[in-house]
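Structure data follow from protein-v4.cif (mmCIF, C-alpha atoms):
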data_query
#
loop_
_atom_site.label_atom_id
_atom_site.label_comp_id
_atom_site.auth_asym_id
_atom_site.auth_seq_id
_atom_site.Cartn_x
_atom_site.Cartn_y
_atom_site.Cartn_z
CA MET S 1 -94.05 -293.84 1.51
CA VAL S 2 -95.87 -291.45 3.75
CA PHE S 3 -99.14 -290.00 2.60
CA ILE S 4 -101.57 -287.68 4.23
CA GLU S 5 -105.19 -288.26 3.55
CA ARG S 6 -107.59 -285.44 4.15
CA ARG S 7 -110.64 -286.68 5.89
CA THR S 8 -113.61 -284.64 6.94
CA VAL S 9 -116.53 -285.23 9.22
CA LEU S 10 -118.54 -285.98 6.12
CA SER S 11 -116.27 -288.78 4.93
CA GLY S 12 -118.20 -291.99 4.78
CA MET S 13 -121.57 -290.28 4.93
CA LEU S 14 -124.07 -290.81 2.17
CA VAL S 15 -126.47 -288.51 0.37
CA GLN S 16 -129.44 -290.37 1.83
CA GLU S 17 -128.45 -289.33 5.35
CA ALA S 18 -128.82 -285.63 4.58
CA MET S 19 -131.35 -285.47 1.74
CA ARG S 20 -134.92 -284.30 2.08
CA ARG S 21 -137.60 -286.55 0.70
CA ARG S 22 -140.11 -283.80 0.02
CA VAL S 23 -139.69 -282.53 -3.53
CA ILE S 24 -141.71 -279.53 -4.67
CA ARG S 25 -142.89 -280.05 -8.22
CA VAL S 26 -144.54 -277.82 -10.81
CA SER S 27 -145.58 -278.42 -14.41
CA ARG S 28 -144.17 -276.76 -17.51
CA GLU S 29 -147.22 -274.48 -17.67
CA THR S 30 -147.07 -273.30 -14.05
CA THR S 31 -146.73 -269.51 -14.01
CA LEU S 32 -143.64 -267.84 -12.54
CA SER S 33 -145.96 -266.25 -9.99
CA ASP S 34 -147.11 -269.70 -8.84
CA CYS S 35 -143.50 -271.00 -8.83
CA THR S 36 -142.68 -268.19 -6.38
CA ASN S 37 -145.70 -269.14 -4.28
CA ARG S 38 -144.43 -272.75 -4.00
CA MET S 39 -140.93 -271.59 -3.05
CA VAL S 40 -142.05 -269.12 -0.40
CA LYS S 41 -144.57 -271.49 1.11
CA ASN S 42 -142.24 -274.48 1.24
CA LYS S 43 -139.06 -272.50 1.93
CA VAL S 44 -137.14 -273.96 -0.97
CA ALA S 45 -134.90 -272.13 -3.42
CA ALA S 46 -135.96 -274.11 -6.48
CA VAL S 47 -138.81 -276.19 -7.81
CA LEU S 48 -138.58 -279.23 -10.05
CA VAL S 49 -140.43 -279.04 -13.35
CA THR S 50 -141.96 -282.37 -14.28
CA ALA S 51 -143.76 -283.59 -17.40
CA GLU S 52 -147.24 -285.16 -17.41
CA ASP S 53 -145.71 -288.59 -16.76
CA ASP S 54 -143.78 -287.27 -13.70
CA ARG S 55 -140.49 -287.30 -15.57
CA PRO S 56 -138.18 -284.48 -14.36
CA VAL S 57 -137.52 -282.04 -17.20
CA GLY S 58 -136.02 -278.94 -15.59
CA VAL S 59 -135.48 -276.71 -12.58
CA VAL S 60 -136.66 -273.19 -11.83
CA SER S 61 -134.54 -271.59 -9.12
CA LYS S 62 -134.77 -268.22 -7.42
CA THR S 63 -131.80 -267.19 -9.55
CA ASP S 64 -133.78 -268.00 -12.72
CA LEU S 65 -136.75 -266.00 -11.43
CA ILE S 66 -134.52 -263.03 -10.70
CA GLY S 67 -133.21 -263.27 -14.27
CA ALA S 68 -136.81 -263.11 -15.49
CA PHE S 69 -137.46 -260.09 -13.26
CA TYR S 70 -134.37 -258.37 -14.68
CA ALA S 71 -135.53 -259.11 -18.24
CA ASP S 72 -139.01 -257.69 -17.50
CA LEU S 73 -140.72 -261.00 -18.26
CA PRO S 74 -144.34 -261.02 -17.06
CA VAL S 75 -144.97 -263.11 -13.90
CA GLU S 76 -147.62 -264.98 -15.88
CA ALA S 77 -144.89 -266.51 -18.09
CA ALA S 78 -144.55 -270.30 -17.86
CA ALA S 79 -141.93 -272.28 -15.94
CA ALA S 80 -140.85 -273.90 -19.21
CA ASP S 81 -139.81 -270.46 -20.55
CA ILE S 82 -137.06 -269.98 -18.01
CA MET S 83 -136.26 -273.39 -16.53
CA ALA S 84 -132.72 -274.76 -16.56
CA ALA S 85 -132.60 -278.20 -18.12
CA PRO S 86 -131.80 -280.94 -17.49
CA PRO S 87 -131.78 -281.10 -13.65
CA LEU S 88 -128.56 -282.28 -11.99
CA PHE S 89 -128.80 -285.57 -10.20
CA CYS S 90 -127.05 -287.66 -7.63
CA PHE S 91 -127.96 -291.01 -6.09
CA PRO S 92 -128.95 -291.82 -2.48
CA ASP S 93 -125.85 -293.98 -2.03
CA ASP S 94 -123.40 -291.43 -3.44
CA SER S 95 -120.97 -290.04 -0.89
CA LEU S 96 -121.96 -286.68 0.52
CA GLU S 97 -118.49 -285.38 -0.33
CA SER S 98 -118.81 -286.13 -4.02
CA ALA S 99 -122.26 -284.54 -4.08
CA ILE S 100 -120.90 -281.33 -2.52
CA ASP S 101 -118.01 -281.35 -4.99
CA LEU S 102 -120.48 -281.65 -7.87
CA MET S 103 -122.63 -278.82 -6.52
CA HIS S 104 -119.58 -276.61 -6.14
CA ALA S 105 -118.17 -277.48 -9.58
CA ARG S 106 -121.47 -276.82 -11.35
CA GLY S 107 -122.29 -273.73 -9.31
CA VAL S 108 -125.67 -274.97 -8.13
CA HIS S 109 -127.14 -274.93 -4.65
CA ARG S 110 -128.98 -278.23 -4.84
CA LEU S 111 -129.04 -281.61 -6.50
CA TYR S 112 -132.03 -283.83 -7.08
CA VAL S 113 -131.71 -287.38 -5.88
CA SER S 114 -132.93 -290.08 -8.20
CA GLY S 115 -133.58 -293.69 -7.36
CA ALA S 116 -132.82 -296.85 -9.27
CA GLU S 117 -135.14 -295.66 -12.01
CA THR S 118 -133.52 -292.44 -13.11
CA ASP S 119 -136.90 -291.00 -14.09
CA ARG S 120 -138.06 -291.03 -10.48
CA VAL S 121 -136.95 -288.25 -8.17
CA VAL S 122 -136.81 -289.37 -4.54
CA GLY S 123 -135.34 -286.33 -2.82
CA THR S 124 -133.24 -283.19 -2.90
CA LEU S 125 -129.94 -282.28 -1.35
CA ALA S 126 -129.10 -278.64 -0.59
CA TYR S 127 -126.36 -276.98 1.44
CA PRO S 128 -128.53 -276.23 4.48
CA ASP S 129 -129.37 -279.93 4.74
CA VAL S 130 -125.65 -280.71 4.95
CA VAL S 131 -125.16 -278.06 7.63
CA GLY S 132 -128.12 -279.45 9.53
CA LEU S 133 -126.47 -282.85 9.50
CA LEU S 134 -123.10 -281.39 10.59
CA TYR S 135 -124.78 -279.49 13.36
CA ARG S 136 -126.51 -282.56 14.73
CA TYR S 137 -123.27 -284.54 14.44
CA CYS S 138 -121.53 -281.81 16.37
CA ARG S 139 -124.08 -281.81 19.15
CA ALA S 140 -123.85 -285.55 19.54
CA CYS S 141 -120.02 -285.48 19.60
CA GLY S 142 -118.21 -286.50 22.81
CA LYS S 143 -116.17 -283.31 22.65
CA SER S 144 -119.29 -281.18 22.32
CA VAL S 145 -119.51 -278.11 24.53
CA SER S 146 -122.81 -279.23 25.92
CA LYS S 147 -121.03 -282.31 27.27
CA ALA S 148 -117.96 -280.49 28.63
CA ARG S 149 -117.31 -281.20 32.28
CA ARG S 150 -116.72 -278.41 34.73
CA GLY S 151 -113.07 -277.47 35.01
CA THR S 152 -112.33 -278.20 31.37
CA GLU S 153 -114.67 -275.50 30.13
CA ASP S 154 -111.91 -272.97 29.45
CA GLU S 155 -109.99 -275.35 27.31
CA THR S 156 -113.11 -276.45 25.45
CA ASN S 157 -114.00 -272.86 24.70
CA ARG S 158 -110.54 -272.17 23.36
CA SER S 159 -110.85 -274.99 20.88
CA ARG S 160 -114.26 -273.94 19.63
CA LEU S 161 -114.33 -272.29 16.24
CA ARG S 162 -115.60 -268.77 16.05
CA VAL S 163 -117.55 -267.07 13.30
CA GLY S 164 -114.49 -265.02 12.35
CA ASP S 165 -112.59 -268.24 11.52
CA VAL S 166 -115.03 -269.34 8.84
CA MET S 167 -116.71 -266.19 7.50
CA THR S 168 -116.14 -264.67 4.07
CA THR S 169 -114.63 -261.22 4.38
CA SER S 170 -115.88 -259.86 1.06
CA VAL S 171 -119.24 -258.22 1.68
CA ARG S 172 -121.31 -257.22 -1.34
CA ALA S 173 -123.25 -254.06 -0.70
CA CYS S 174 -125.54 -251.58 -2.43
CA LYS S 175 -126.82 -248.20 -1.39
CA THR S 176 -130.35 -247.46 -0.20
CA ASP S 177 -131.14 -245.49 -3.38
CA ASP S 178 -129.70 -248.05 -5.82
CA THR S 179 -132.35 -249.60 -8.05
CA LEU S 180 -133.36 -253.26 -7.82
CA ALA S 181 -131.73 -253.72 -11.25
CA GLU S 182 -128.42 -252.63 -9.72
CA VAL S 183 -128.97 -254.95 -6.77
CA ILE S 184 -129.59 -257.85 -9.19
CA ASP S 185 -126.43 -256.90 -11.13
CA ASN S 186 -124.42 -257.03 -7.96
CA LEU S 187 -125.94 -260.35 -6.85
CA THR S 188 -125.46 -262.13 -10.14
CA THR S 189 -121.96 -260.78 -10.85
CA HIS S 190 -120.69 -262.03 -7.51
CA ARG S 191 -122.96 -265.07 -7.33
CA CYS S 192 -124.12 -264.36 -3.82
CA GLY S 193 -127.47 -264.87 -2.15
CA ALA S 194 -127.95 -261.46 -0.59
CA VAL S 195 -126.50 -257.98 -0.60
CA LEU S 196 -126.14 -255.63 2.31
CA ILE S 197 -127.83 -252.27 1.85
CA ARG S 198 -125.85 -249.37 3.30
CA ASN S 199 -127.22 -245.96 4.16
CA PRO S 200 -125.37 -242.80 3.02
CA ALA S 201 -123.26 -242.92 6.20
CA GLY S 202 -122.04 -246.38 5.15
CA HIS S 203 -123.85 -248.17 7.96
CA ALA S 204 -125.85 -251.37 7.51
CA ALA S 205 -129.45 -250.34 6.87
CA GLY S 206 -130.97 -253.56 5.54
CA VAL S 207 -130.56 -256.68 3.43
CA ILE S 208 -132.01 -257.78 0.10
CA SER S 209 -131.86 -261.51 -0.52
CA LYS S 210 -132.89 -263.50 -3.56
CA THR S 211 -136.09 -264.36 -1.72
CA ASP S 212 -136.90 -260.67 -1.23
CA LEU S 213 -136.32 -260.07 -4.95
CA VAL S 214 -138.58 -262.88 -6.15
CA ILE S 215 -141.31 -261.73 -3.77
CA ALA S 216 -140.95 -258.16 -5.07
CA TYR S 217 -141.22 -259.54 -8.62
CA LYS S 218 -144.40 -261.42 -7.72
CA HIS S 219 -145.84 -258.33 -6.02
CA GLY S 220 -145.38 -256.33 -9.21
CA GLU S 221 -142.43 -254.12 -8.18
CA LYS S 222 -140.41 -252.66 -11.05
CA THR S 223 -136.66 -253.07 -11.48
CA GLY S 224 -136.32 -249.29 -11.16
CA THR S 225 -137.62 -249.36 -7.55
CA PRO S 226 -135.04 -248.14 -5.00
CA ALA S 227 -133.50 -250.81 -2.78
CA GLN S 228 -134.81 -249.27 0.44
CA VAL S 229 -138.42 -249.97 -0.56
CA ILE S 230 -138.07 -253.74 -0.33
CA MET S 231 -135.03 -254.23 1.93
CA ARG S 232 -135.49 -256.16 5.15
CA HIS S 233 -134.32 -254.71 8.40
CA PRO S 234 -132.93 -255.07 10.95
CA VAL S 235 -129.94 -256.87 9.43
CA LEU S 236 -129.61 -260.32 10.99
CA SER S 237 -126.06 -260.32 12.24
CA CYS S 238 -123.67 -261.72 14.82
CA ASP S 239 -120.32 -260.80 16.32
CA ALA S 240 -117.17 -262.22 14.69
CA ASN S 241 -116.24 -263.48 18.14
CA GLU S 242 -119.40 -265.54 18.48
CA PHE S 243 -119.03 -269.32 18.56
CA LEU S 244 -119.68 -270.88 15.16
CA SER S 245 -122.09 -273.38 16.69
CA VAL S 246 -124.25 -270.57 18.09
CA ALA S 247 -124.33 -268.78 14.72
CA LEU S 248 -125.23 -271.99 12.86
CA GLN S 249 -128.00 -272.64 15.33
CA GLN S 250 -129.41 -269.17 14.74
CA MET S 251 -129.39 -269.62 10.96
CA LEU S 252 -131.03 -273.02 11.08
CA LEU S 253 -133.72 -271.90 13.47
CA LYS S 254 -134.48 -268.60 11.80
CA ASP S 255 -134.56 -270.17 8.34
CA VAL S 256 -132.00 -267.74 6.98
CA GLN S 257 -129.16 -268.61 4.66
CA ARG S 258 -126.67 -266.15 6.09
CA LEU S 259 -125.74 -263.85 8.93
CA PHE S 260 -123.76 -260.67 8.45
CA VAL S 261 -120.79 -260.43 10.77
CA TYR S 262 -119.70 -257.35 12.66
CA LYS S 263 -116.78 -256.62 14.88
CA ASP S 264 -117.73 -254.84 18.12
CA ASP S 265 -120.15 -252.38 16.45
CA PRO S 266 -123.27 -253.91 14.81
CA ALA S 267 -123.36 -251.07 12.26
CA LEU S 268 -119.94 -252.01 10.89
CA ILE S 269 -120.23 -255.21 8.90
CA VAL S 270 -116.94 -256.98 8.23
CA GLY S 271 -118.02 -260.31 6.78
CA VAL S 272 -120.72 -262.82 5.94
CA LEU S 273 -121.30 -266.30 7.26
CA SER S 274 -123.45 -268.33 4.91
CA LEU S 275 -124.85 -271.82 5.20
CA SER S 276 -123.25 -272.79 1.90
CA ASP S 277 -119.80 -271.68 3.14
CA SER S 278 -120.38 -273.65 6.30
CA ALA S 279 -121.33 -276.73 4.31
CA ARG S 280 -118.24 -276.48 2.13
CA PHE S 281 -116.14 -276.08 5.27
CA ARG S 282 -117.17 -279.66 6.04
CA SER S 283 -116.41 -279.54 9.71
CA GLY S 284 -118.15 -279.41 13.01
CA SER S 285 -117.75 -276.36 15.14
CA CYS S 286 -114.62 -277.05 17.18
CA ARG S 287 -110.99 -277.74 16.44
CA ALA S 288 -111.28 -281.37 17.48
CA CYS S 289 -112.94 -281.86 14.13
CA ILE S 290 -110.24 -280.18 12.10
CA SER S 291 -107.33 -282.03 13.73
CA GLY S 292 -109.25 -285.23 13.16
CA ARG S 293 -109.35 -284.48 9.47
CA LEU S 294 -105.70 -285.29 8.85
CA ILE S 295 -104.92 -288.94 8.84
CA VAL S 296 -101.29 -289.88 8.35
CA GLY S 297 -100.71 -293.24 6.79
CA VAL S 298 -97.64 -295.19 5.91
CA MET Q 1 -180.30 -282.52 -2.96
CA LEU Q 2 -177.90 -280.23 -4.81
CA ALA Q 3 -175.03 -277.93 -3.98
CA ARG Q 4 -177.26 -274.87 -4.27
CA ASP Q 5 -179.62 -276.28 -1.60
CA ILE Q 6 -176.97 -276.83 1.03
CA MET Q 7 -174.42 -274.16 0.24
CA ASP Q 8 -173.77 -271.33 2.64
CA THR Q 9 -174.17 -268.02 0.81
CA ARG Q 10 -172.73 -266.09 3.71
CA PHE Q 11 -168.98 -266.42 3.41
CA HIS Q 12 -165.88 -264.30 3.71
CA THR Q 13 -163.10 -263.89 1.19
CA LEU Q 14 -159.52 -262.64 1.02
CA LYS Q 15 -157.63 -260.72 -1.67
CA PRO Q 16 -154.22 -261.95 -2.84
CA ASP Q 17 -152.48 -258.71 -1.89
CA GLU Q 18 -153.71 -258.68 1.72
CA THR Q 19 -151.14 -259.28 4.44
CA VAL Q 20 -151.00 -262.43 6.56
CA ALA Q 21 -151.98 -260.33 9.59
CA GLN Q 22 -155.13 -259.16 7.77
CA ALA Q 23 -155.89 -262.78 6.87
CA VAL Q 24 -155.62 -263.88 10.50
CA LYS Q 25 -158.05 -261.12 11.49
CA MET Q 26 -160.43 -262.27 8.75
CA PHE Q 27 -160.33 -265.85 10.09
CA GLN Q 28 -161.55 -264.50 13.42
CA THR Q 29 -164.20 -262.24 11.89
CA ALA Q 30 -165.47 -265.01 9.63
CA SER Q 31 -165.68 -267.52 12.46
CA ARG Q 32 -167.63 -265.05 14.56
CA GLU Q 33 -170.03 -263.90 11.85
CA GLU Q 34 -170.63 -267.29 10.27
CA GLY Q 35 -171.03 -268.96 13.64
CA LYS Q 36 -168.65 -271.82 12.86
CA LYS Q 37 -164.93 -272.47 13.08
CA ILE Q 38 -163.32 -271.30 9.86
CA PHE Q 39 -160.09 -273.07 8.94
CA GLY Q 40 -159.79 -271.82 5.38
CA LEU Q 41 -160.86 -268.83 3.32
CA ILE Q 42 -161.30 -268.46 -0.39
CA VAL Q 43 -159.09 -265.92 -2.19
CA VAL Q 44 -160.72 -263.96 -5.02
CA ASP Q 45 -159.44 -261.32 -7.43
CA ASP Q 46 -161.14 -257.99 -8.12
CA ALA Q 47 -163.58 -259.65 -10.53
CA ASP Q 48 -164.63 -262.14 -7.81
CA ARG Q 49 -162.93 -265.04 -9.59
CA VAL Q 50 -161.29 -267.69 -7.38
CA VAL Q 51 -157.51 -267.49 -7.48
CA GLY Q 52 -156.74 -269.60 -4.43
CA MET Q 53 -157.55 -270.79 -0.95
CA LEU Q 54 -155.70 -269.91 2.24
CA SER Q 55 -156.00 -272.31 5.13
CA MET Q 56 -154.56 -272.17 8.62
CA TYR Q 57 -152.35 -275.05 7.49
CA ASP Q 58 -150.76 -272.85 4.78
CA ILE Q 59 -149.90 -270.19 7.35
CA LEU Q 60 -148.53 -272.70 9.86
CA LEU Q 61 -146.45 -274.38 7.16
CA PHE Q 62 -144.90 -271.04 6.30
CA ILE Q 63 -144.08 -270.13 9.90
CA GLN Q 64 -142.69 -273.56 10.79
CA PRO Q 65 -138.86 -273.63 10.72
CA LYS Q 66 -137.64 -275.82 7.89
CA HIS Q 67 -135.08 -277.53 10.10
CA MET Q 68 -137.61 -278.48 12.73
CA LYS Q 69 -135.85 -281.77 13.48
CA ILE Q 70 -132.98 -279.87 15.04
CA TRP Q 71 -135.31 -278.05 17.41
CA GLY Q 72 -136.30 -281.29 19.01
CA GLU Q 73 -132.69 -281.99 19.95
CA MET Q 74 -132.05 -278.71 21.65
CA GLU Q 75 -132.68 -278.12 25.28
CA ASP Q 76 -130.74 -274.89 25.62
CA LEU Q 77 -132.92 -272.55 23.57
CA GLU Q 78 -134.77 -269.40 24.45
CA PRO Q 79 -138.06 -270.38 22.82
CA ASP Q 80 -139.81 -267.04 23.24
CA ARG Q 81 -137.20 -265.00 21.42
CA LEU Q 82 -136.90 -267.47 18.59
CA PHE Q 83 -140.63 -267.59 18.26
CA ASN Q 84 -140.77 -263.83 17.86
CA ASP Q 85 -138.10 -264.03 15.18
CA LEU Q 86 -140.15 -266.63 13.33
CA LEU Q 87 -143.23 -264.45 13.37
CA GLY Q 88 -141.12 -261.59 12.02
CA LYS Q 89 -140.81 -263.56 8.78
CA VAL Q 90 -144.44 -262.86 8.03
CA LYS Q 91 -143.69 -259.16 7.43
CA GLY Q 92 -144.04 -258.32 3.76
CA ILE Q 93 -145.67 -261.66 2.93
CA GLN Q 94 -149.04 -261.49 1.20
CA VAL Q 95 -151.90 -263.96 1.03
CA GLY Q 96 -151.05 -264.70 -2.63
CA ASP Q 97 -147.51 -265.76 -1.68
CA ILE Q 98 -148.55 -268.72 0.45
CA MET Q 99 -152.10 -269.60 -0.62
CA THR Q 100 -152.90 -272.87 -2.36
CA THR Q 101 -153.47 -272.01 -6.01
CA GLU Q 102 -155.04 -275.25 -7.16
CA VAL Q 103 -158.60 -274.95 -5.94
CA VAL Q 104 -161.35 -277.40 -6.79
CA THR Q 105 -164.71 -275.71 -7.32
CA ILE Q 106 -168.12 -277.22 -8.01
CA GLY Q 107 -171.20 -276.10 -9.92
CA PRO Q 108 -174.51 -275.33 -8.16
CA GLU Q 109 -176.13 -278.39 -9.76
CA MET Q 110 -173.78 -280.96 -8.26
CA HIS Q 111 -175.54 -283.67 -6.26
CA ILE Q 112 -174.75 -284.07 -2.57
CA LEU Q 113 -173.48 -287.63 -3.10
CA SER Q 114 -171.03 -286.45 -5.76
CA ILE Q 115 -169.93 -283.67 -3.43
CA SER Q 116 -169.29 -286.10 -0.61
CA ASP Q 117 -167.41 -288.36 -3.02
CA LEU Q 118 -165.20 -285.46 -4.11
CA MET Q 119 -164.52 -284.47 -0.51
CA ILE Q 120 -163.53 -288.00 0.42
CA ASN Q 121 -161.31 -288.61 -2.57
CA LYS Q 122 -159.51 -285.28 -2.53
CA HIS Q 123 -159.44 -284.79 1.24
CA ILE Q 124 -161.30 -281.50 0.95
CA ARG Q 125 -163.40 -280.05 3.73
CA ARG Q 126 -164.85 -277.05 1.91
CA LEU Q 127 -165.80 -276.48 -1.72
CA PRO Q 128 -166.53 -273.12 -3.32
CA VAL Q 129 -169.58 -273.11 -5.60
CA SER Q 130 -168.85 -271.29 -8.82
CA GLU Q 131 -171.40 -269.87 -11.27
CA ASP Q 132 -170.16 -268.21 -14.45
CA GLY Q 133 -166.71 -267.88 -12.90
CA ARG Q 134 -168.02 -266.09 -9.80
CA ILE Q 135 -168.25 -267.60 -6.32
CA THR Q 136 -171.81 -267.72 -5.03
CA GLY Q 137 -171.50 -270.00 -2.03
CA MET Q 138 -169.50 -272.48 0.01
CA VAL Q 139 -170.30 -276.09 0.85
CA TYR Q 140 -168.68 -277.32 4.06
CA ILE Q 141 -168.18 -280.94 4.97
CA SER Q 142 -170.39 -280.39 8.03
CA ASP Q 143 -173.28 -279.25 5.78
CA VAL Q 144 -172.92 -282.35 3.64
CA PHE Q 145 -172.63 -284.55 6.70
CA TYR Q 146 -175.71 -283.29 8.52
CA HIS Q 147 -177.88 -283.05 5.41
CA MET Q 148 -177.11 -286.62 4.50
CA LEU Q 149 -177.28 -288.19 7.93
CA THR Q 150 -180.26 -286.41 9.43
CA GLN Q 151 -182.34 -287.85 6.57
CA PHE Q 152 -181.41 -291.35 7.63
CA LEU Q 153 -181.87 -290.73 11.30
CA ASP Q 154 -185.33 -289.13 11.09
#
Give the structure from this file in structure tokens form.
Amino acid sequence: MVFIERRTVLSGMLVQEAMRRRVIRVSRETTLSDCTNRMVKNKVAAVLVTAEDDRPVGVVSKTDLIGAFYADLPVEAAAADIMAAPPLFCFPDDSLESAIDLMHARGVHRLYVSGAETDRVVGTLAYPDVVGLLYRYCRACGKSVSKARRGTEDETNRSRLRVGDVMTTSVRACKTDDTLAEVIDNLTTHRCGAVLIRNPAGHAAGVISKTDLVIAYKHGEKTGTPAQVIMRHPVLSCDANEFLSVALQQMLLKDVQRLFVYKDDPALIVGVLSLSDSARFRSGSCRACISGRLIVGV
Amino acid sequence: MLARDIMDTRFHTLKPDETVAQAVKMFQTASREEGKKIFGLIVVDDADRVVGMLSMYDILLFIQPKHMKIWGEMEDLEPDRLFNDLLGKVKGIQVGDIMTTEVVTIGPEMHILSISDLMINKHIRRLPVSEDGRITGMVYISDVFYHMLTQFLD
């Protein structure tokens, strides 16, 4: 009998190789304003809520904070009022693949890692950490572009994946005069991390991410505020023809979760490349990786 | 010797809705006017109550790329451009977004030995002195140090 096993670069890797050991904790009484402070300062998308005895009891994510913003909850409300409970866990010796599958199935962007005592949290695993690992793997690979010898460069470049190969072509967008409530509607309906803000001519004018929304909430903006007041510009973008490795590098270094993708003209956005898509893609940045994923056995 | 005897009543403060750029300017002003290197400033609300502390460390932590490990492995970067991009992140960020909100304060009657004990145990280098909820002075580790040790050395 012939079977084909799908293998990915991540096969055989464990959670402990990608996880971060620094866990940002708050108490049940911590205000939403202070939760935002911890997230912005530590560049995390969620904080772990722990009880007096350090036991993990819930999670407050940027998505939860945006929900509170939408519902006009005061920023002085407590973490316990909006936290999702219980937190989702994996173990340091779980396979990275199963952890990503769990994240995808449960629609969360991170898992907490617990040790032998399940009451003790020893780390977190989020999509960008997986991409970071893939990226480093890729750079160390014998087929890596940085190691290509002269004369084989053309061939190497042909086999390198480009942004257009991996990006998502559905781009969620709002208009500059849409309210923040409409932006939140759009974000939550489509479960994305940021929306593009288009000007009346349909060109990319700015971006509003979940981070921008939670900061606006903390700063006392109202949900009726027009999008253009808080949008960030310029839009961080790249050409669809750009090498995937270059785009990943840019995201990891600039601490952004996504780049908008244009074709030829930067004002015309045709797709999005996000770190979570890249993590789910489970491959390095050239075709050598993909062909290596199929193992035929007898 | 008590906190009120050694505290510095000349100090500078920040407001939570000031920008990071304004905070950086205030670090420079404070260092100049107080005649010492200022690494952290107290953040007060409109009623002069302490709401936080912003240190240089907080600002550096925010600017630092999260995936710093990867930087170390790259030799083909254009550092200047990336650095500018990093500083661009500061736009729209206020003091209240990145300040430390858990601030230890002391009363004016605290003894210098208790102050030094607190500084050692909590790794604190400056303590705001609070009276009736309002900040009236700052005690720096250098003040504690010189007040304690010059006595022994004289």
Using only C-alpha atoms, which chain S residues lie at most 10 Å away from chain Q, written as a count of residues only? 36
Using only C-alpha atoms, which protein or nucleic acid residues come within 10 Å of Val166 of chain S? Drop anything in the same chain fewer than 3 positions from it, and give the result as a list in words. Leu161, Arg162, Val163, Thr169, Ala240, Leu244, Gly271, Val272, Leu273, Ser274, Asp277, Ser278, Phe281 and Ser285 of chain S
Within 10 Å of Ile141 of chain Q, counting only C-alpha atoms, which residues show up once you throw out same-chain ones fewer than 5 positions away? Write them as a short mmCIF file (atom, residue, chain, number, x, y, z; two decimals) with C-alpha atoms, in the frame of the given file, please.
data_model
loop_
_atom_site.label_atom_id
_atom_site.label_comp_id
_atom_site.auth_asym_id
_atom_site.auth_seq_id
_atom_site.Cartn_x
_atom_site.Cartn_y
_atom_site.Cartn_z
CA ILE Q 115 -169.93 -283.67 -3.43
CA SER Q 116 -169.29 -286.10 -0.61
CA MET Q 119 -164.52 -284.47 -0.51
CA ILE Q 120 -163.53 -288.00 0.42
CA ILE Q 124 -161.30 -281.50 0.95
CA ARG Q 125 -163.40 -280.05 3.73
CA ARG Q 126 -164.85 -277.05 1.91
CA LEU Q 127 -165.80 -276.48 -1.72
CA TYR Q 146 -175.71 -283.29 8.52
CA HIS Q 147 -177.88 -283.05 5.41
#
Show me, as AutoDock Vina command-line options, the centre and edge lengths in Å to one decimal of the axis-aligned box that covers every listed atom of segment 120-125 of chain Q with 5 Å on each side.
--center_x -161.5 --center_y -284.3 --center_z 0.6 --size_x 14.1 --size_y 18.6 --size_z 16.3
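Interatomic distance, atom CA of Gln228 of chain S to atom CA of Ile184 of chain S: 13.9 Å.
Pairwise distance (atom CA of Ser114 of chain Q, atom CA of Leu2 of chain Q) equals 9.3 Å.
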Identify which of the residues Q:Met7, Q:Ile106, Q:Val139, Q:Leu41 lies closest to Thr29 of chain Q, counting all atoms listed in the file when measuring atom-to-atom distances.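 Checking each candidate against Thr29 of chain Q, we get Q:Leu41 as the closest.
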If the PyMOL selection byres ((chain S and resi 241) around 12) were run on this exact file, what residues would it hold? Put them as a PDB file with C-alpha atoms, in the coordinates of the input.
ATOM      1  CA  ASN S 157    -114.000-272.860  24.700  1.00  0.00           C
ATOM      2  CA  ARG S 158    -110.540-272.170  23.360  1.00  0.00           C
ATOM      3  CA  ARG S 160    -114.260-273.940  19.630  1.00  0.00           C
ATOM      4  CA  LEU S 161    -114.330-272.290  16.240  1.00  0.00           C
ATOM      5  CA  ARG S 162    -115.600-268.770  16.050  1.00  0.00           C
ATOM      6  CA  VAL S 163    -117.550-267.070  13.300  1.00  0.00           C
ATOM      7  CA  GLY S 164    -114.490-265.020  12.350  1.00  0.00           C
ATOM      8  CA  ASP S 165    -112.590-268.240  11.520  1.00  0.00           C
ATOM      9  CA  VAL S 166    -115.030-269.340   8.840  1.00  0.00           C
ATOM     10  CA  MET S 167    -116.710-266.190   7.500  1.00  0.00           C
ATOM     11  CA  SER S 237    -126.060-260.320  12.240  1.00  0.00           C
ATOM     12  CA  CYS S 238    -123.670-261.720  14.820  1.00  0.00           C
ATOM     13  CA  ASP S 239    -120.320-260.800  16.320  1.00  0.00           C
ATOM     14  CA  ALA S 240    -117.170-262.220  14.690  1.00  0.00           C
ATOM     15  CA  GLU S 242    -119.400-265.540  18.480  1.00  0.00           C
ATOM     16  CA  PHE S 243    -119.030-269.320  18.560  1.00  0.00           C
ATOM     17  CA  LEU S 244    -119.680-270.880  15.160  1.00  0.00           C
ATOM     18  CA  SER S 245    -122.090-273.380  16.690  1.00  0.00           C
ATOM     19  CA  VAL S 246    -124.250-270.570  18.090  1.00  0.00           C
ATOM     20  CA  ALA S 247    -124.330-268.780  14.720  1.00  0.00           C
ATOM     21  CA  VAL S 261    -120.790-260.430  10.770  1.00  0.00           C
ATOM     22  CA  TYR S 262    -119.700-257.350  12.660  1.00  0.00           C
ATOM     23  CA  LYS S 263    -116.780-256.620  14.880  1.00  0.00           C
ATOM     24  CA  ASP S 264    -117.730-254.840  18.120  1.00  0.00           C
ATOM     25  CA  ASP S 265    -120.150-252.380  16.450  1.00  0.00           C
ATOM     26  CA  VAL S 270    -116.940-256.980   8.230  1.00  0.00           C
ATOM     27  CA  GLY S 271    -118.020-260.310   6.780  1.00  0.00           C
TER      28      GLY S 271
END
